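Encoded as structure tokens, the structure appears first; notes follow it.
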Amino acid sequence: MSQSEGEPRATRPDPDASLHSRSCEVSDVSYRAFLSAQGTPRVHWASPAGLELVGAGAAARLVCDGPDRFDALRDAAATLFDDVDHDGPAATRPRVLGGLAFRGDHRADADEQQRRDGEPRRRDGWAGFPASSFVLPAVQLTRGDDATWLTVNRYGDDVDAADADAALTAARESLADLPMMRPSGGKPGVASTTWRTSRADWTDQVARVVDRIRAGELRKVVLATALDVDLETPVDIPDALERLRRTYPDCYRFLVQPTDAAGFFGAPPEQLVERDGRTVRTEALAGSMPRGETPEADAEHARSLLDSEKIQHEQRVVAETICEQLSTYGDVTEGEQGLRKLSNIQHLRTPIEATLHEDTHVLTLVEALHPTPAVGGLPLEEALATIRATETFDRGWYAAPVGWFDADGDGEFAVGIRSGLAGDTSATLFAGNGIVADSDPADEWDELQPKVRPILDELERDD
């Protein structure tokens with residue numbers, strides 16, 4: 001199951017190649033141990049509904065840059081899945097896992113020297129993360145409701161079913177050396193943290209945006225910043241993912257690690273979109289309050305969230321925009337607003353469903369929805385221009401779609417928030433807030449702090 005077994009042949013599929021996929025049921029195994037034993041690229045996906053995928057190596061890659069990246073991805077996927085020989089249950093069908101950058105013009109292979117006020121914009125370690133990148137794992141574990149499955153994928157113009165059968169046998173034998181359960185190791189420890197944007201600069205940025213919103217130039221802008229973290233020892237990302245499993249069981253969990261240099265991972269609470277046949281599910285998640293230390297304090301925070309005119313306005317903007325965007329593709333139903341309570345923060349949430357009029361690829365829906373007003377703003381183009389002119393760091397894949405899709409165009413994506421980019425003894429954690437007319441700059445700074453805690457807590461050693 002070494003990386004060499006799954007080395008990609010190209011960043012675009014070969015039209016003369018075929019895909020052979022073989023699966024078998026195996027005894028439960030530690031996903032952390034499995035992931036730690038693999039070379040890069042490594043990917044991990046877990047949804048609150050129960051599906052969990054972990055894979056390594058690359059039978060094939062889909063890498064597309066530029067403003068037409070969605071069209072290019074759909075075309076590349078059609079070629080990849082054109083000739084599929086799959087032996088296994090539906091849960092183990094070939095899927096590609098990965099994500100996209102926040103902006104289509106993001107580049108992973110050059111030192112951007114975008115300047116604002118004469119200062120260079122930092123690249124922030126996103127080397128290896130192009131504008132879009134998905135991998136068909138060479139070897140993968142799939143955990144569903146009642147079983148764990150081992151899958152191998154082989155792709156090329158010189159591979160056949162016998163190659164996949166032999167690879168599955170070898171992969172199954174190698175699992176014997178992995179434990180069923182393996183506790184996560186110690187946290188790396190945090191030596192120091194530094195916000196990219198100081199409190200004074202952040203509140204000034206927010207105040208300037210609020211002035212523009214009140215003047216009628218914008219309705220909402222989501223401003224983000226980053227926390228640089230120096231670690232005491234090298235980070236073990238599979239360890240951190242295992243701890244996130246216990247702390248945030250009701251969130252998504254993901255990892256995209258194209259090289260040994262760094263991996264992008266997190267525990268986002270927000271679904272961007274899911275397509276299952278003609279059924280589409282998504283949600284509007286906006287506004288936040290901390291959890292209380294007592295049931296009474298927690299209930300008071302929840303009441304403040306529900307009663308806040310500012311937060312309710314922010315939530316309505318997000319929900320209405322998502323419904324409008326989906327209405328192009330199907331009949332939309334908006335559910336009842338409620339609360340999404342996590343271990344350290346709570347949000348307003350409105351579930352949204354749609355029934356598609358026709359067979360629409362999940363990537364088309366991702367393209368239509370990203371970026372939602374919860375991570376971009378409104379009007380979208382003006383908000384994105386404001387973000388680019390204001391923020392002094394490269395968002396990279398932060399707040400962008402991460403997830404999977406298959407040959408039928410089904411798939412699921414989360415929004416890459418509550419996330420970090422980590423490697424060796426450094427990490428960068430991200431947080432952002434939606435700014436509207438009633439935003440108070442000081443309150444917005446305070447609201448940032450709990451949004452880095454999901455990842456920071458898995459890096460800091462306990463006292």
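Starting from 1 in every chain, residues are counted up; chains themselves are A, B, ... following the order of the structure tokens, and ligands are numbered from 1 as listed.
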Who sits within 12 Å of Ile237 of chain A, only C-alpha atoms, same chain under 6 positions skipped, as a ChimeraX atom specification: /A:32-33,35-36,42-44,184-188,243-244,253-257,260-266,420-427,455,458-459
Can you write out the residues you just picked, keeping C-alpha atoms, as a compact mmCIF listing (two decimals), in the first residue's frame?
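So the final result, stored in out36.txt, reads:
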```
# COMPACT_ATOMS: atom_id res chain seq x y z
CA ARG A 32 -5.73 6.83 12.65
CA ALA A 33 -3.30 3.89 12.44
CA LEU A 35 -3.72 6.95 7.85
CA SER A 36 -0.44 7.22 9.77
CA ARG A 42 -3.77 11.43 2.13
CA VAL A 43 -7.46 12.27 2.39
CA HIS A 44 -10.09 11.86 5.06
CA SER A 184 -4.29 9.25 19.71
CA GLY A 185 -0.87 10.42 20.78
CA GLY A 186 0.03 13.51 22.74
CA LYS A 187 -0.68 17.00 21.53
CA PRO A 188 2.29 18.84 20.01
CA ARG A 243 -9.21 13.92 18.86
CA LEU A 244 -11.64 15.96 16.73
CA ARG A 253 -14.14 16.11 9.63
CA PHE A 254 -11.76 16.31 6.69
CA LEU A 255 -8.14 16.17 5.66
CA VAL A 256 -6.56 17.03 2.33
CA GLN A 257 -2.80 16.47 2.42
CA ASP A 260 4.41 15.87 3.34
CA ALA A 261 4.82 19.63 3.79
CA ALA A 262 1.35 20.43 5.09
CA GLY A 263 -2.22 19.23 5.39
CA PHE A 264 -5.46 21.18 5.45
CA PHE A 265 -7.89 19.75 7.99
CA GLY A 266 -10.77 20.73 10.20
CA GLY A 420 -6.19 24.87 9.84
CA LEU A 421 -3.17 24.32 7.63
CA ALA A 422 -0.48 22.47 9.54
CA GLY A 423 2.87 20.82 8.98
CA ASP A 424 5.99 20.12 11.02
CA THR A 425 6.10 22.67 13.89
CA SER A 426 3.80 25.35 12.51
CA ALA A 427 0.12 25.82 11.86
CA ILE A 455 -8.20 23.25 16.04
CA GLU A 458 -6.23 19.87 19.61
CA LEU A 459 -2.75 21.42 19.46
```
Write out as a PyMOL selection string the residues lying within 8 Å of Thr282 of chain A, counting only C-alpha atoms and excluding same-chain residues fewer than 5 positions away. chain A and resi 271-274+351-353
With C-alpha atoms retained, write the just-selected residues as a PDB file, in the first residue's frame.
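Writing the result to result_35.pdb gives the following:
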```pdb
ATOM      1  CA  GLN A 271     -22.792  21.595   4.962  1.00  0.00           C
ATOM      2  CA  LEU A 272     -22.406  23.348   1.625  1.00  0.00           C
ATOM      3  CA  VAL A 273     -24.476  20.881  -0.403  1.00  0.00           C
ATOM      4  CA  GLU A 274     -25.336  17.205  -0.760  1.00  0.00           C
ATOM      5  CA  PRO A 351     -32.294  23.461   6.696  1.00  0.00           C
ATOM      6  CA  ILE A 352     -33.012  23.746   2.970  1.00  0.00           C
ATOM      7  CA  GLU A 353     -33.931  21.004   0.480  1.00  0.00           C
TER       8      GLU A 353
END
```
Looking only at the backbone, which of the residues in segment 174-262 of chain A does DSSP tag as strand (DSSP E or B), as a PDB file with C-alpha atoms, in the first residue's frame?
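Written file, states-v7.pdb:
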```pdb
ATOM      1  CA  VAL A 190       1.797  25.481  21.499  1.00  0.00           C
ATOM      2  CA  ALA A 191       4.886  27.639  21.930  1.00  0.00           C
ATOM      3  CA  SER A 192       3.325  30.902  20.742  1.00  0.00           C
ATOM      4  CA  THR A 193       0.418  32.371  18.777  1.00  0.00           C
ATOM      5  CA  THR A 194       0.184  35.548  16.744  1.00  0.00           C
ATOM      6  CA  TRP A 195      -2.856  36.995  15.000  1.00  0.00           C
ATOM      7  CA  LYS A 220     -22.761  42.100   4.022  1.00  0.00           C
ATOM      8  CA  VAL A 221     -19.048  41.259   3.912  1.00  0.00           C
ATOM      9  CA  VAL A 222     -17.360  38.320   5.616  1.00  0.00           C
ATOM     10  CA  LEU A 223     -13.924  39.371   6.824  1.00  0.00           C
ATOM     11  CA  ALA A 224     -11.409  36.754   7.904  1.00  0.00           C
ATOM     12  CA  THR A 225      -8.013  36.633   9.506  1.00  0.00           C
ATOM     13  CA  ALA A 226      -5.542  33.969  10.565  1.00  0.00           C
ATOM     14  CA  LEU A 227      -3.732  32.872  13.691  1.00  0.00           C
ATOM     15  CA  ASP A 228      -0.122  31.752  13.266  1.00  0.00           C
ATOM     16  CA  VAL A 229       0.843  29.007  15.708  1.00  0.00           C
ATOM     17  CA  ASP A 230       4.367  27.883  16.553  1.00  0.00           C
ATOM     18  CA  LEU A 231       4.341  24.332  17.905  1.00  0.00           C
ATOM     19  CA  ARG A 253     -14.136  16.110   9.633  1.00  0.00           C
ATOM     20  CA  PHE A 254     -11.761  16.312   6.686  1.00  0.00           C
ATOM     21  CA  LEU A 255      -8.137  16.167   5.656  1.00  0.00           C
ATOM     22  CA  VAL A 256      -6.558  17.027   2.328  1.00  0.00           C
ATOM     23  CA  GLN A 257      -2.804  16.468   2.415  1.00  0.00           C
TER      24      GLN A 257
END
```
So what do you get for atom CA of Glu382 of chain A versus atom CA of Val317 of chain A, distance-wise?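 Computed distance, atom CA of Glu382 of chain A to atom CA of Val317 of chain A, equals 15.5 Å.
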Do you know which residues are at most 12 Å from Ile387 of chain A counting only C-alpha atoms, after dropping those on the same chain fewer than 6 positions away, and could you put them as a list in words? Phe102, Arg103, Arg116, Gln205, Val206, Val209, Leu218, Lys220, Val221, Val222, Leu223, Ala224, Thr225, Val375, Gly376, Gly377, Leu378, Leu380, Glu381, Phe393, Asp394, Arg395, Gly432, Asn433, Gly434 and Ile435 of chain A
Residues just named, written with C-alpha atoms as a PDB file, in the first residue's frame:
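Output (again_6.pdb):
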```
ATOM      1  CA  PHE A 102     -11.745  30.035  -2.213  1.00  0.00           C
ATOM      2  CA  ARG A 103     -10.868  31.887  -5.428  1.00  0.00           C
ATOM      3  CA  ARG A 116      -1.755  46.172  -0.776  1.00  0.00           C
ATOM      4  CA  GLN A 205     -11.218  47.089   9.022  1.00  0.00           C
ATOM      5  CA  VAL A 206     -14.642  46.237  10.398  1.00  0.00           C
ATOM      6  CA  VAL A 209     -16.752  48.040   6.057  1.00  0.00           C
ATOM      7  CA  LEU A 218     -22.852  46.607   0.387  1.00  0.00           C
ATOM      8  CA  LYS A 220     -22.761  42.100   4.022  1.00  0.00           C
ATOM      9  CA  VAL A 221     -19.048  41.259   3.912  1.00  0.00           C
ATOM     10  CA  VAL A 222     -17.360  38.320   5.616  1.00  0.00           C
ATOM     11  CA  LEU A 223     -13.924  39.371   6.824  1.00  0.00           C
ATOM     12  CA  ALA A 224     -11.409  36.754   7.904  1.00  0.00           C
ATOM     13  CA  THR A 225      -8.013  36.633   9.506  1.00  0.00           C
ATOM     14  CA  VAL A 375     -18.339  33.168   3.904  1.00  0.00           C
ATOM     15  CA  GLY A 376     -18.430  35.809   1.151  1.00  0.00           C
ATOM     16  CA  GLY A 377     -21.085  38.486   1.350  1.00  0.00           C
ATOM     17  CA  LEU A 378     -23.621  40.406  -0.720  1.00  0.00           C
ATOM     18  CA  LEU A 380     -21.194  38.891  -4.105  1.00  0.00           C
ATOM     19  CA  GLU A 381     -18.835  40.575  -6.560  1.00  0.00           C
ATOM     20  CA  PHE A 393      -3.401  37.047   3.812  1.00  0.00           C
ATOM     21  CA  ASP A 394      -4.201  34.389   1.220  1.00  0.00           C
ATOM     22  CA  ARG A 395      -7.337  32.443   2.155  1.00  0.00           C
ATOM     23  CA  GLY A 432     -14.031  34.990   9.931  1.00  0.00           C
ATOM     24  CA  ASN A 433     -17.155  36.988  10.777  1.00  0.00           C
ATOM     25  CA  GLY A 434     -20.085  38.287   8.780  1.00  0.00           C
ATOM     26  CA  ILE A 435     -20.144  42.081   8.939  1.00  0.00           C
TER      27      ILE A 435
END
```
Could you list, as a list in words, every residue within 8 Å of Ile417 of chain A, counting only C-alpha atoms and ignoring same-chain residues fewer than 2 positions away?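 Near Ile417 of chain A, the qualifying residues are Gly266, Ala267, Pro268, Pro269, Glu270, Tyr398, Ala399, Ala400, Val415, Ser419, Phe430 and Ala431 of chain A.
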Quick one: residues within 10 Å of segment 292-299 of chain A, only C-alpha atoms counted, chain neighbours fewer than 6 positions away excluded, as a ChimeraX atom specification? /A:305,341,343-346
File dump, residues just selected, N, CA and C atoms, as an mmCIF file, in the first residue's frame:
```cif
data_model
loop_
_atom_site.group_PDB
_atom_site.id
_atom_site.type_symbol
_atom_site.label_atom_id
_atom_site.label_comp_id
_atom_site.auth_asym_id
_atom_site.auth_seq_id
_atom_site.Cartn_x
_atom_site.Cartn_y
_atom_site.Cartn_z
ATOM 1 N N LEU A 305 -29.116 34.692 20.716
ATOM 2 C CA LEU A 305 -28.925 34.346 19.309
ATOM 3 C C LEU A 305 -30.249 34.447 18.549
ATOM 4 N N LYS A 341 -25.949 23.484 18.023
ATOM 5 C CA LYS A 341 -25.119 23.597 19.214
ATOM 6 C C LYS A 341 -23.898 22.690 19.096
ATOM 7 N N SER A 343 -19.705 22.075 20.819
ATOM 8 C CA SER A 343 -19.167 22.029 22.174
ATOM 9 C C SER A 343 -18.778 23.403 22.705
ATOM 10 N N ASN A 344 -18.381 24.334 21.810
ATOM 11 C CA ASN A 344 -17.926 25.633 22.302
ATOM 12 C C ASN A 344 -18.633 26.810 21.652
ATOM 13 N N ILE A 345 -19.579 26.539 20.751
ATOM 14 C CA ILE A 345 -20.222 27.626 20.010
ATOM 15 C C ILE A 345 -21.585 27.144 19.518
ATOM 16 N N GLN A 346 -22.502 28.072 19.281
ATOM 17 C CA GLN A 346 -23.806 27.714 18.740
ATOM 18 C C GLN A 346 -24.202 28.708 17.655
#
```
As an exercise, work out the distance from atom CA of Arg349 of chain A to atom CA of Gly104 of chain A in Å and give it to one decimal place.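 So the answer is 27.9 Å.
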Enumerate the residues of segment 250-392 of chain A with a DSSP assignment of alpha helix (DSSP H), computed from the backbone, and present them as number ranges by chain. A: 295-307, 309-326, 362-369, 380-390
Those residues you just picked out, can you put them in a file as a short mmCIF file (atom, residue, chain, number, x, y, z; two decimals), in the first residue's frame with C-alpha atoms?
```
data_model
loop_
_atom_site.label_atom_id
_atom_site.label_comp_id
_atom_site.auth_asym_id
_atom_site.auth_seq_id
_atom_site.Cartn_x
_atom_site.Cartn_y
_atom_site.Cartn_z
CA PRO A 295 -27.39 25.35 31.53
CA GLU A 296 -28.83 28.72 32.49
CA ALA A 297 -26.02 30.66 30.84
CA ASP A 298 -26.23 28.46 27.76
CA ALA A 299 -29.96 29.08 27.46
CA GLU A 300 -29.38 32.82 27.80
CA HIS A 301 -26.83 32.76 24.95
CA ALA A 302 -29.33 30.80 22.84
CA ARG A 303 -32.06 33.37 23.53
CA SER A 304 -29.66 36.15 22.57
CA LEU A 305 -28.92 34.35 19.31
CA LEU A 306 -32.59 33.92 18.48
CA ASP A 307 -33.60 37.44 19.57
CA GLU A 309 -32.00 41.52 15.10
CA LYS A 310 -28.49 41.72 13.71
CA ILE A 311 -28.01 37.94 13.69
CA GLN A 312 -31.52 37.25 12.41
CA HIS A 313 -30.89 39.66 9.55
CA GLU A 314 -27.61 37.93 8.75
CA GLN A 315 -29.34 34.54 8.80
CA ARG A 316 -32.17 35.69 6.52
CA VAL A 317 -29.70 37.06 3.98
CA VAL A 318 -27.92 33.70 3.81
CA ALA A 319 -31.08 31.58 3.67
CA GLU A 320 -32.79 33.72 1.02
CA THR A 321 -29.71 33.75 -1.18
CA ILE A 322 -29.25 29.97 -1.04
CA CYS A 323 -32.92 29.39 -1.86
CA GLU A 324 -32.71 31.77 -4.80
CA GLN A 325 -29.57 30.11 -6.14
CA LEU A 326 -31.06 26.60 -5.89
CA VAL A 362 -23.11 18.15 -7.60
CA LEU A 363 -20.20 20.25 -8.89
CA THR A 364 -22.72 22.46 -10.71
CA LEU A 365 -24.50 23.02 -7.40
CA VAL A 366 -21.20 23.71 -5.64
CA GLU A 367 -20.34 26.27 -8.29
CA ALA A 368 -23.74 27.94 -7.90
CA LEU A 369 -23.55 28.15 -4.11
CA LEU A 380 -21.19 38.89 -4.10
CA GLU A 381 -18.83 40.57 -6.56
CA GLU A 382 -18.60 43.76 -4.49
CA ALA A 383 -18.10 41.73 -1.31
CA LEU A 384 -15.33 39.63 -2.87
CA ALA A 385 -13.58 42.76 -4.11
CA THR A 386 -13.77 44.20 -0.60
CA ILE A 387 -12.37 40.99 0.90
CA ARG A 388 -9.46 41.00 -1.53
CA ALA A 389 -8.69 44.67 -0.87
CA THR A 390 -8.98 44.35 2.91
#
```
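The coordinates place atom CA of Arg22 of chain A at 6.2 Å from atom CA of Gly88 of chain A.
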Taking 6 positions as the minimum chain separation for residues in the same chain, which residues sit within 8 Å of segment 438-446 of chain A when counting only C-alpha atoms? Answer as number ranges by chain. A: 199, 202-204, 206-207, 210, 310
Find the residues around Arg107 of chain A up to 8 Å (only C-alpha atoms counted), leave out those fewer than 5 positions away in its own chain, and share them as a list in words. Asp65, Glu112, Phe129, Pro130 and Ala131 of chain A
So that I have them on file, write out the residues from the current selection with N, CA and C atoms, as an mmCIF file, in the first residue's frame.
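Output contents, as saved in result_24.cif:
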```
data_model
loop_
_atom_site.group_PDB
_atom_site.id
_atom_site.type_symbol
_atom_site.label_atom_id
_atom_site.label_comp_id
_atom_site.auth_asym_id
_atom_site.auth_seq_id
_atom_site.Cartn_x
_atom_site.Cartn_y
_atom_site.Cartn_z
ATOM 1 N N ASP A 65 -7.096 24.429 -12.835
ATOM 2 C CA ASP A 65 -6.903 25.804 -12.398
ATOM 3 C C ASP A 65 -7.726 26.743 -13.268
ATOM 4 N N GLU A 112 2.918 34.385 -5.180
ATOM 5 C CA GLU A 112 2.120 35.583 -5.458
ATOM 6 C C GLU A 112 2.806 36.789 -4.824
ATOM 7 N N PHE A 129 -1.497 23.152 -3.107
ATOM 8 C CA PHE A 129 -2.950 23.280 -3.101
ATOM 9 C C PHE A 129 -3.369 24.173 -4.262
ATOM 10 N N PRO A 130 -3.672 23.591 -5.414
ATOM 11 C CA PRO A 130 -4.073 24.392 -6.580
ATOM 12 C C PRO A 130 -5.501 24.898 -6.443
ATOM 13 N N ALA A 131 -6.026 25.502 -7.504
ATOM 14 C CA ALA A 131 -7.380 26.048 -7.454
ATOM 15 C C ALA A 131 -8.427 24.953 -7.258
#
```
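Proximity to Ala78 of chain A was assessed for A:Ala37, A:Ala171, A:Ala17, A:Ala407 counting only C-alpha atoms; the smallest distance is recorded for A:Ala407.
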